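Novice: Sharing a structure, written as structure tokens. Questions coming.
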Amino acid sequence: MYSQVIDEQPVSSDELNAQEALFQEKIDNDIKIEPRDWMPDGYRKTLIRQISQHAHSEIVGMLPEGKWLTRAPSLTRKSILLAKVQDEGGHGLYLYSAAETLGVTRDEMYLALHSGKAKYSSIFNYPTLTWADIGVIGWLVDGAAIMNQVPLQRCSYGPYARAMVRICKEESFHQRQGFEMLITLCKGKPVQKAMAQDALNRWWWPSLMMFGPPDADSVHSAQSMRWKIKMNGNDELRQKFVDVCVPQAELLGLTIPDNKIIWNEEWQQHDFGEVNWDEFYNVLKGNGVCNRERLKARVDAWEDGAWVRDAAKAYAVKRQRSSSL
Amino acid sequence: MSEWPLWEVFIRSQHGLAHRHVGSLHAPTSEMAVCNARDVYTRRNEGVSIWVVKSADISASEPNNKDMLFEPSHDKIFRHPTFYDLPDDVDYM
């Protein structure tokens, strides 16, 4: 890549700056950056980190729900959940492929995840204790993901933007099946409605954490927004999420576990309580309820599946040999 | 005389869109294939980027297997958002 330039002649910083200025001009004019285009090293590195984290989240995100596949209360619900988990595996694939166009290999990304070096969304380190958790995950967790992903369809990197279009299209079913399940539970027996309320109580705050720390504490935000690989501020999206969820909770007849939520007439939005950011950073550091369990399940799946990969490879070698005879 | 290999041509019509298959042509090398594709397939500003792939390198599904491959998804209507009835007053979903 750029190292070739060093072999020939050193590039003056003016030239480099001119290249970067041209790059920024493209982005300002909403022209997509494609894999073979010149891009600053920082843009490439930040995107690799961002897209691979996104991919890891989809893959690890299969685990909390996967636990309920064999416990679904009906065949229909089981088929639906299976289809949703399948989709998430697919989303992981779209995103890993988008990251690979930036020069990182699939193995490098897996290794970073399995060694604990790479991060994934904090939300997946919480346990799924009851069936109602599956409904609340669809409503809140997928709802928050959609809110974050819809604007990313317009991000500056072509392969990432196109992956997002596909993902958003599929994600809509995820949220709707969750909300519809909650409507069913909330219209059911008191014990079923109580189960839905309990799930909301446990998932509400972790869902708000999904948008990331307050903008004031967010390290890389300004540059990422200039590069259009981050389209909105964390606080802005979090506010939008709360405003959308309040009437939806009312419709279900459930109470959001935050007594500071109140409509602010002046600002035309809801005021709400303070997120426990110590908990957020603690989960990121690896000390959430399920961090170890999730990583172990992921590593075990990879290692237990080694014989399948080996067999597929052996078969390919065998076919190659017989066709060259 | 052995003829030049066949290349499948893919054009990105505008920034942000994926490459789409537009046709094919014969050429002795990939470079020549790109040049010829430019001359044949982008005479009227059809594209901003060209991909060529040797036709022989494309693996495709068998048309005869169409039912076997795609029929199973017909009855999985729960994969579509419209399968779920929500009250009219639910916004943003």
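Note on naming: chains are A, B, ... as they come in the structure tokens, residues start from 1 per chain, ligands start from 1 in the order shown.
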Considering only C-alpha atoms, return as a list of chain:residue names whatever protein or nucleic-acid residues lie within 10 Å of Trp227 of chain A, sequence-local ones (same chain, fewer than 4 positions apart) excluded.

Specialist: A:Phe23, A:Gln24, A:Lys26, A:Ile27, A:Asp28, A:Tyr43, A:Cys155, A:Ser156, A:Tyr157, A:Ser221, A:Ala222, A:Gln223, A:Met231

Novice: Find the residues of chain A that sit at most 9 Å from chain B; for each, write down the nearest two atoms and how far apart they are in Å, to one decimal. Count only C-alpha atoms. Sort by chain, then by number going up, and give it as JSON lines.

Specialist:
```
{"residue": "A:Asp30", "atom": "CA", "partner": "B:His15", "partner_atom": "CA", "distance": 9.0}
{"residue": "A:Ile31", "atom": "CA", "partner": "B:His15", "partner_atom": "CA", "distance": 6.2}
{"residue": "A:Lys32", "atom": "CA", "partner": "B:Gly16", "partner_atom": "CA", "distance": 5.3}
{"residue": "A:Ile33", "atom": "CA", "partner": "B:Gly16", "partner_atom": "CA", "distance": 8.0}
{"residue": "A:Glu34", "atom": "CA", "partner": "B:Gly16", "partner_atom": "CA", "distance": 8.2}
{"residue": "A:Thr76", "atom": "CA", "partner": "B:Phe78", "partner_atom": "CA", "distance": 8.5}
{"residue": "A:Ser79", "atom": "CA", "partner": "B:Phe78", "partner_atom": "CA", "distance": 8.0}
{"residue": "A:Ile80", "atom": "CA", "partner": "B:Phe78", "partner_atom": "CA", "distance": 6.2}
{"residue": "A:Ala83", "atom": "CA", "partner": "B:Arg79", "partner_atom": "CA", "distance": 6.6}
{"residue": "A:Lys84", "atom": "CA", "partner": "B:Arg79", "partner_atom": "CA", "distance": 7.8}
{"residue": "A:Gly143", "atom": "CA", "partner": "B:Met93", "partner_atom": "CA", "distance": 8.2}
{"residue": "A:Arg154", "atom": "CA", "partner": "B:Gly16", "partner_atom": "CA", "distance": 9.0}
{"residue": "A:Ser156", "atom": "CA", "partner": "B:Gly16", "partner_atom": "CA", "distance": 8.6}
{"residue": "A:Tyr157", "atom": "CA", "partner": "B:Gly16", "partner_atom": "CA", "distance": 8.3}
{"residue": "A:Gly158", "atom": "CA", "partner": "B:Gly16", "partner_atom": "CA", "distance": 5.4}
{"residue": "A:Pro159", "atom": "CA", "partner": "B:Ala18", "partner_atom": "CA", "distance": 8.3}
{"residue": "A:Ala161", "atom": "CA", "partner": "B:Gly16", "partner_atom": "CA", "distance": 7.9}
{"residue": "A:Arg162", "atom": "CA", "partner": "B:Leu17", "partner_atom": "CA", "distance": 7.5}
{"residue": "A:Glu170", "atom": "CA", "partner": "B:His80", "partner_atom": "CA", "distance": 8.0}
{"residue": "A:Glu171", "atom": "CA", "partner": "B:Pro81", "partner_atom": "CA", "distance": 8.7}
{"residue": "A:Ser172", "atom": "CA", "partner": "B:Pro81", "partner_atom": "CA", "distance": 5.9}
{"residue": "A:Phe173", "atom": "CA", "partner": "B:Pro81", "partner_atom": "CA", "distance": 4.1}
{"residue": "A:His174", "atom": "CA", "partner": "B:Pro81", "partner_atom": "CA", "distance": 7.8}
{"residue": "A:Gln175", "atom": "CA", "partner": "B:Met93", "partner_atom": "CA", "distance": 7.2}
{"residue": "A:Arg176", "atom": "CA", "partner": "B:Tyr84", "partner_atom": "CA", "distance": 6.3}
{"residue": "A:Gln177", "atom": "CA", "partner": "B:Tyr84", "partner_atom": "CA", "distance": 6.2}
{"residue": "A:Phe179", "atom": "CA", "partner": "B:Leu86", "partner_atom": "CA", "distance": 8.1}
{"residue": "A:Glu180", "atom": "CA", "partner": "B:Tyr84", "partner_atom": "CA", "distance": 6.5}
{"residue": "A:Ile183", "atom": "CA", "partner": "B:Leu86", "partner_atom": "CA", "distance": 8.5}
{"residue": "A:Val244", "atom": "CA", "partner": "B:Tyr92", "partner_atom": "CA", "distance": 7.2}
{"residue": "A:Pro247", "atom": "CA", "partner": "B:Val90", "partner_atom": "CA", "distance": 8.1}
{"residue": "A:Gln248", "atom": "CA", "partner": "B:Val90", "partner_atom": "CA", "distance": 6.6}
{"residue": "A:Leu251", "atom": "CA", "partner": "B:Val90", "partner_atom": "CA", "distance": 7.9}
```

Novice: Determine, counting only C-alpha atoms, which protein, DNA and RNA residues have an atom within 6 Å of an atom of Gly47 of chain B; residues of the same chain fewer than 2 positions away are not included. Present the result as number ranges by chain.

Specialist: B: 11-13, 42, 45, 49

Novice: Create the file for the chosen residues now, containing N, CA and C atoms and written as a PDB file, in the first residue's frame.

Specialist:
```pdb
ATOM      1  N   ILE B  11     -20.508  -3.748 -14.067  1.00  0.00           N
ATOM      2  CA  ILE B  11     -20.328  -2.292 -14.058  1.00  0.00           C
ATOM      3  C   ILE B  11     -20.981  -1.687 -12.815  1.00  0.00           C
ATOM      4  N   ARG B  12     -20.266  -0.788 -12.152  1.00  0.00           N
ATOM      5  CA  ARG B  12     -20.890   0.010 -11.090  1.00  0.00           C
ATOM      6  C   ARG B  12     -21.442   1.259 -11.779  1.00  0.00           C
ATOM      7  N   SER B  13     -22.768   1.395 -11.787  1.00  0.00           N
ATOM      8  CA  SER B  13     -23.363   2.463 -12.586  1.00  0.00           C
ATOM      9  C   SER B  13     -23.172   3.822 -11.942  1.00  0.00           C
ATOM     10  N   THR B  42     -19.513   1.016 -21.715  1.00  0.00           N
ATOM     11  CA  THR B  42     -19.652   2.316 -21.020  1.00  0.00           C
ATOM     12  C   THR B  42     -19.582   3.494 -21.997  1.00  0.00           C
ATOM     13  N   ASN B  45     -21.744   6.717 -20.715  1.00  0.00           N
ATOM     14  CA  ASN B  45     -21.644   7.083 -19.300  1.00  0.00           C
ATOM     15  C   ASN B  45     -22.316   6.096 -18.367  1.00  0.00           C
ATOM     16  N   SER B  49     -17.039   2.222 -12.604  1.00  0.00           N
ATOM     17  CA  SER B  49     -16.076   1.175 -12.268  1.00  0.00           C
ATOM     18  C   SER B  49     -16.422  -0.114 -13.001  1.00  0.00           C
TER      19      SER B  49
END
```

Novice: Mind the document's chain letters and residue numbers, and return as a ChimeraX atom specification the residues of chain B that DSSP labels helix (DSSP H, G or I).

Specialist: /B:30-41,55-57,63-73,77-79,81-83

Novice: To one decimal in Å, tell me the separation between atom CA of Trp139 of chain A and atom CA of Leu252 of chain A.

Specialist: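 Distance between the two atoms: 11.4 Å.
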
Novice: Using backbone DSSP assignments, extract all strand (DSSP E) residues from chain B; output them as JSON, numbers by chain.

Specialist: {"B": [6, 7, 8, 9, 10, 11, 12, 20, 21, 22, 23, 24, 25, 26, 49, 50, 51, 52, 53, 54]}

Novice: Can you pull out every residue within 12 Å of Leu129 of chain A, counting only C-alpha atoms, but drop anything in the same chain fewer than 4 positions away, and send it as an NGL selection string?

Specialist: :A and (64-65 or 67-68 or 71 or 133-137 or 195-196 or 198-200 or 202-203 or 289-290)

Novice: Could you turn the residues from that selection into a file that holds C-alpha atoms, as a PDB file, in the first residue's frame?

Specialist:
```
ATOM      1  CA  PRO A  64     -28.281 -15.218  24.371  1.00  0.00           C
ATOM      2  CA  GLU A  65     -31.179 -16.029  22.036  1.00  0.00           C
ATOM      3  CA  LYS A  67     -30.313 -20.638  24.478  1.00  0.00           C
ATOM      4  CA  TRP A  68     -34.110 -20.296  24.022  1.00  0.00           C
ATOM      5  CA  ARG A  71     -37.346 -23.769  25.020  1.00  0.00           C
ATOM      6  CA  ASP A 133     -36.429 -11.677  27.466  1.00  0.00           C
ATOM      7  CA  ILE A 134     -36.635 -12.819  23.830  1.00  0.00           C
ATOM      8  CA  GLY A 135     -39.540 -10.436  23.247  1.00  0.00           C
ATOM      9  CA  VAL A 136     -37.815  -7.538  24.979  1.00  0.00           C
ATOM     10  CA  ILE A 137     -34.572  -8.160  23.063  1.00  0.00           C
ATOM     11  CA  MET A 195     -42.735 -11.770  33.229  1.00  0.00           C
ATOM     12  CA  ALA A 196     -42.719  -9.125  30.471  1.00  0.00           C
ATOM     13  CA  ASP A 198     -39.508  -8.140  34.756  1.00  0.00           C
ATOM     14  CA  ALA A 199     -37.698  -8.518  31.409  1.00  0.00           C
ATOM     15  CA  LEU A 200     -38.192  -4.815  30.641  1.00  0.00           C
ATOM     16  CA  ARG A 202     -33.633  -5.840  33.425  1.00  0.00           C
ATOM     17  CA  TRP A 203     -33.060  -4.832  29.756  1.00  0.00           C
ATOM     18  CA  VAL A 289     -22.509 -11.379  34.182  1.00  0.00           C
ATOM     19  CA  CYS A 290     -21.909 -13.402  31.004  1.00  0.00           C
TER      20      CYS A 290
END
```

Novice: Extract, using only C-alpha atoms, all DNA, RNA and protein residues at most 9 Å from His54 of chain A, discarding same-chain residues fewer than 6 positions from it, and format them as a ChimeraX atom specification.

Specialist: /A:92,95-96,119-121

Novice: Tell me which protein, DNA and RNA residues are within 12 Å of Thr70 of chain A, counting only C-alpha atoms, leaving out same-chain ones fewer than 3 positions away, and put them as a list in words.

Specialist: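 The contact residues come out as Glu65, Gly66, Lys67, Pro73, Ser74, Leu75, Arg77, Lys78, Ser79, Leu81, Leu82 and Trp131 of chain A.
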
Novice: If you count only C-alpha atoms, which residues fall within 12 Å of segment 32-37 of chain B, apart from same-chain ones fewer than 3 positions away, as a VMD selection string?

Specialist: chain B and resid 4 to 11 21 to 29 40 to 43 46 to 47 49 to 55

Novice: Can you spit out the residues from that selection as a compact mmCIF listing (two decimals), in the first residue's frame, using N, CA, C and O atoms?

Specialist:
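In the end it all went to selection21.txt:
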```txt
# COMPACT_ATOMS: atom_id res chain seq x y z
N TRP B 4 -9.96 -16.71 -27.54
CA TRP B 4 -9.70 -16.02 -26.28
C TRP B 4 -10.73 -16.40 -25.23
O TRP B 4 -11.89 -16.66 -25.57
N PRO B 5 -10.33 -16.39 -23.99
CA PRO B 5 -11.31 -16.74 -22.94
C PRO B 5 -12.46 -15.73 -22.88
O PRO B 5 -12.30 -14.57 -23.26
N LEU B 6 -13.58 -16.21 -22.36
CA LEU B 6 -14.77 -15.37 -22.19
C LEU B 6 -14.73 -14.71 -20.82
O LEU B 6 -14.37 -15.34 -19.82
N TRP B 7 -15.07 -13.43 -20.76
CA TRP B 7 -15.08 -12.68 -19.49
C TRP B 7 -16.48 -12.15 -19.23
O TRP B 7 -17.12 -11.64 -20.13
N GLU B 8 -16.93 -12.24 -18.00
CA GLU B 8 -18.20 -11.63 -17.60
C GLU B 8 -17.89 -10.21 -17.11
O GLU B 8 -16.92 -10.00 -16.37
N VAL B 9 -18.71 -9.27 -17.52
CA VAL B 9 -18.44 -7.85 -17.21
C VAL B 9 -19.45 -7.32 -16.19
O VAL B 9 -20.66 -7.54 -16.34
N PHE B 10 -18.93 -6.66 -15.18
CA PHE B 10 -19.78 -6.06 -14.14
C PHE B 10 -19.48 -4.57 -14.07
O PHE B 10 -18.32 -4.17 -14.03
N ILE B 11 -20.51 -3.75 -14.07
CA ILE B 11 -20.33 -2.29 -14.06
C ILE B 11 -20.98 -1.69 -12.82
O ILE B 11 -22.11 -2.05 -12.47
N HIS B 21 -24.03 -7.22 -13.22
CA HIS B 21 -23.65 -7.91 -14.44
C HIS B 21 -24.31 -7.25 -15.65
O HIS B 21 -25.50 -6.97 -15.62
N VAL B 22 -23.50 -6.95 -16.70
CA VAL B 22 -24.09 -6.31 -17.87
C VAL B 22 -23.93 -7.15 -19.14
O VAL B 22 -24.67 -6.95 -20.10
N GLY B 23 -22.96 -8.08 -19.14
CA GLY B 23 -22.77 -8.87 -20.35
C GLY B 23 -21.40 -9.53 -20.33
O GLY B 23 -20.78 -9.64 -19.28
N SER B 24 -20.94 -9.95 -21.51
CA SER B 24 -19.65 -10.63 -21.54
C SER B 24 -18.91 -10.30 -22.83
O SER B 24 -19.48 -9.69 -23.75
N LEU B 25 -17.64 -10.67 -22.89
CA LEU B 25 -16.84 -10.45 -24.10
C LEU B 25 -15.62 -11.36 -24.08
O LEU B 25 -15.28 -11.92 -23.02
N HIS B 26 -14.98 -11.52 -25.23
CA HIS B 26 -13.75 -12.30 -25.30
C HIS B 26 -12.55 -11.37 -25.26
O HIS B 26 -12.58 -10.28 -25.84
N ALA B 27 -11.49 -11.78 -24.55
CA ALA B 27 -10.26 -10.98 -24.53
C ALA B 27 -9.12 -11.89 -24.10
O ALA B 27 -9.33 -12.86 -23.36
N PRO B 28 -7.89 -11.60 -24.54
CA PRO B 28 -6.76 -12.48 -24.21
C PRO B 28 -6.28 -12.32 -22.77
O PRO B 28 -5.76 -13.28 -22.20
N THR B 29 -6.44 -11.14 -22.18
CA THR B 29 -5.99 -10.93 -20.80
C THR B 29 -7.04 -10.13 -20.04
O THR B 29 -7.94 -9.52 -20.65
N VAL B 40 -17.05 -1.17 -24.94
CA VAL B 40 -18.34 -1.72 -25.37
C VAL B 40 -19.48 -1.32 -24.44
O VAL B 40 -20.56 -0.97 -24.89
N TYR B 41 -19.19 -1.37 -23.14
CA TYR B 41 -20.31 -1.26 -22.19
C TYR B 41 -20.45 0.10 -21.50
O TYR B 41 -21.38 0.31 -20.75
N THR B 42 -19.51 1.02 -21.72
CA THR B 42 -19.65 2.32 -21.02
C THR B 42 -19.58 3.49 -22.00
O THR B 42 -19.10 4.56 -21.67
N ARG B 43 -20.07 3.27 -23.22
CA ARG B 43 -19.99 4.34 -24.23
C ARG B 43 -20.90 5.51 -23.90
O ARG B 43 -20.72 6.61 -24.38
N GLU B 46 -22.28 4.80 -18.74
CA GLU B 46 -23.00 3.84 -17.92
C GLU B 46 -22.34 3.55 -16.59
O GLU B 46 -22.96 2.98 -15.72
N GLY B 47 -21.05 3.90 -16.46
CA GLY B 47 -20.41 3.41 -15.24
C GLY B 47 -19.29 4.26 -14.68
O GLY B 47 -18.78 5.17 -15.32
N SER B 49 -17.04 2.22 -12.60
CA SER B 49 -16.08 1.18 -12.27
C SER B 49 -16.42 -0.11 -13.00
O SER B 49 -17.60 -0.39 -13.25
N ILE B 50 -15.38 -0.86 -13.38
CA ILE B 50 -15.60 -2.10 -14.14
C ILE B 50 -14.93 -3.27 -13.43
O ILE B 50 -13.79 -3.14 -12.97
N TRP B 51 -15.62 -4.40 -13.35
CA TRP B 51 -15.01 -5.65 -12.93
C TRP B 51 -15.13 -6.65 -14.08
O TRP B 51 -16.18 -6.69 -14.74
N VAL B 52 -14.08 -7.44 -14.30
CA VAL B 52 -14.22 -8.56 -15.22
C VAL B 52 -13.81 -9.84 -14.49
O VAL B 52 -12.89 -9.83 -13.68
N VAL B 53 -14.54 -10.91 -14.76
CA VAL B 53 -14.26 -12.21 -14.15
C VAL B 53 -14.33 -13.25 -15.25
O VAL B 53 -15.26 -13.22 -16.07
N LYS B 54 -13.35 -14.15 -15.30
CA LYS B 54 -13.40 -15.22 -16.30
C LYS B 54 -14.68 -16.03 -16.13
O LYS B 54 -14.97 -16.49 -15.02
N SER B 55 -15.41 -16.20 -17.20
CA SER B 55 -16.68 -16.94 -17.12
C SER B 55 -16.46 -18.32 -16.52
O SER B 55 -17.28 -18.82 -15.75
```

Novice: For atom CA of Cys186 of chain A and atom CA of Leu63 of chain A, quote the distance in Å rounded to one decimal.

Specialist: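 Answer for the atom CA of Cys186 of chain A to atom CA of Leu63 of chain A separation: 25.6 Å.
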
Novice: For atom CA of Ser97 of chain A and atom CA of Phe70 of chain B, determine how far apart the two atoms are, in Å to one decimal place.

Specialist: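 Pair atom CA of Ser97 of chain A / atom CA of Phe70 of chain B returns 23.8 Å.
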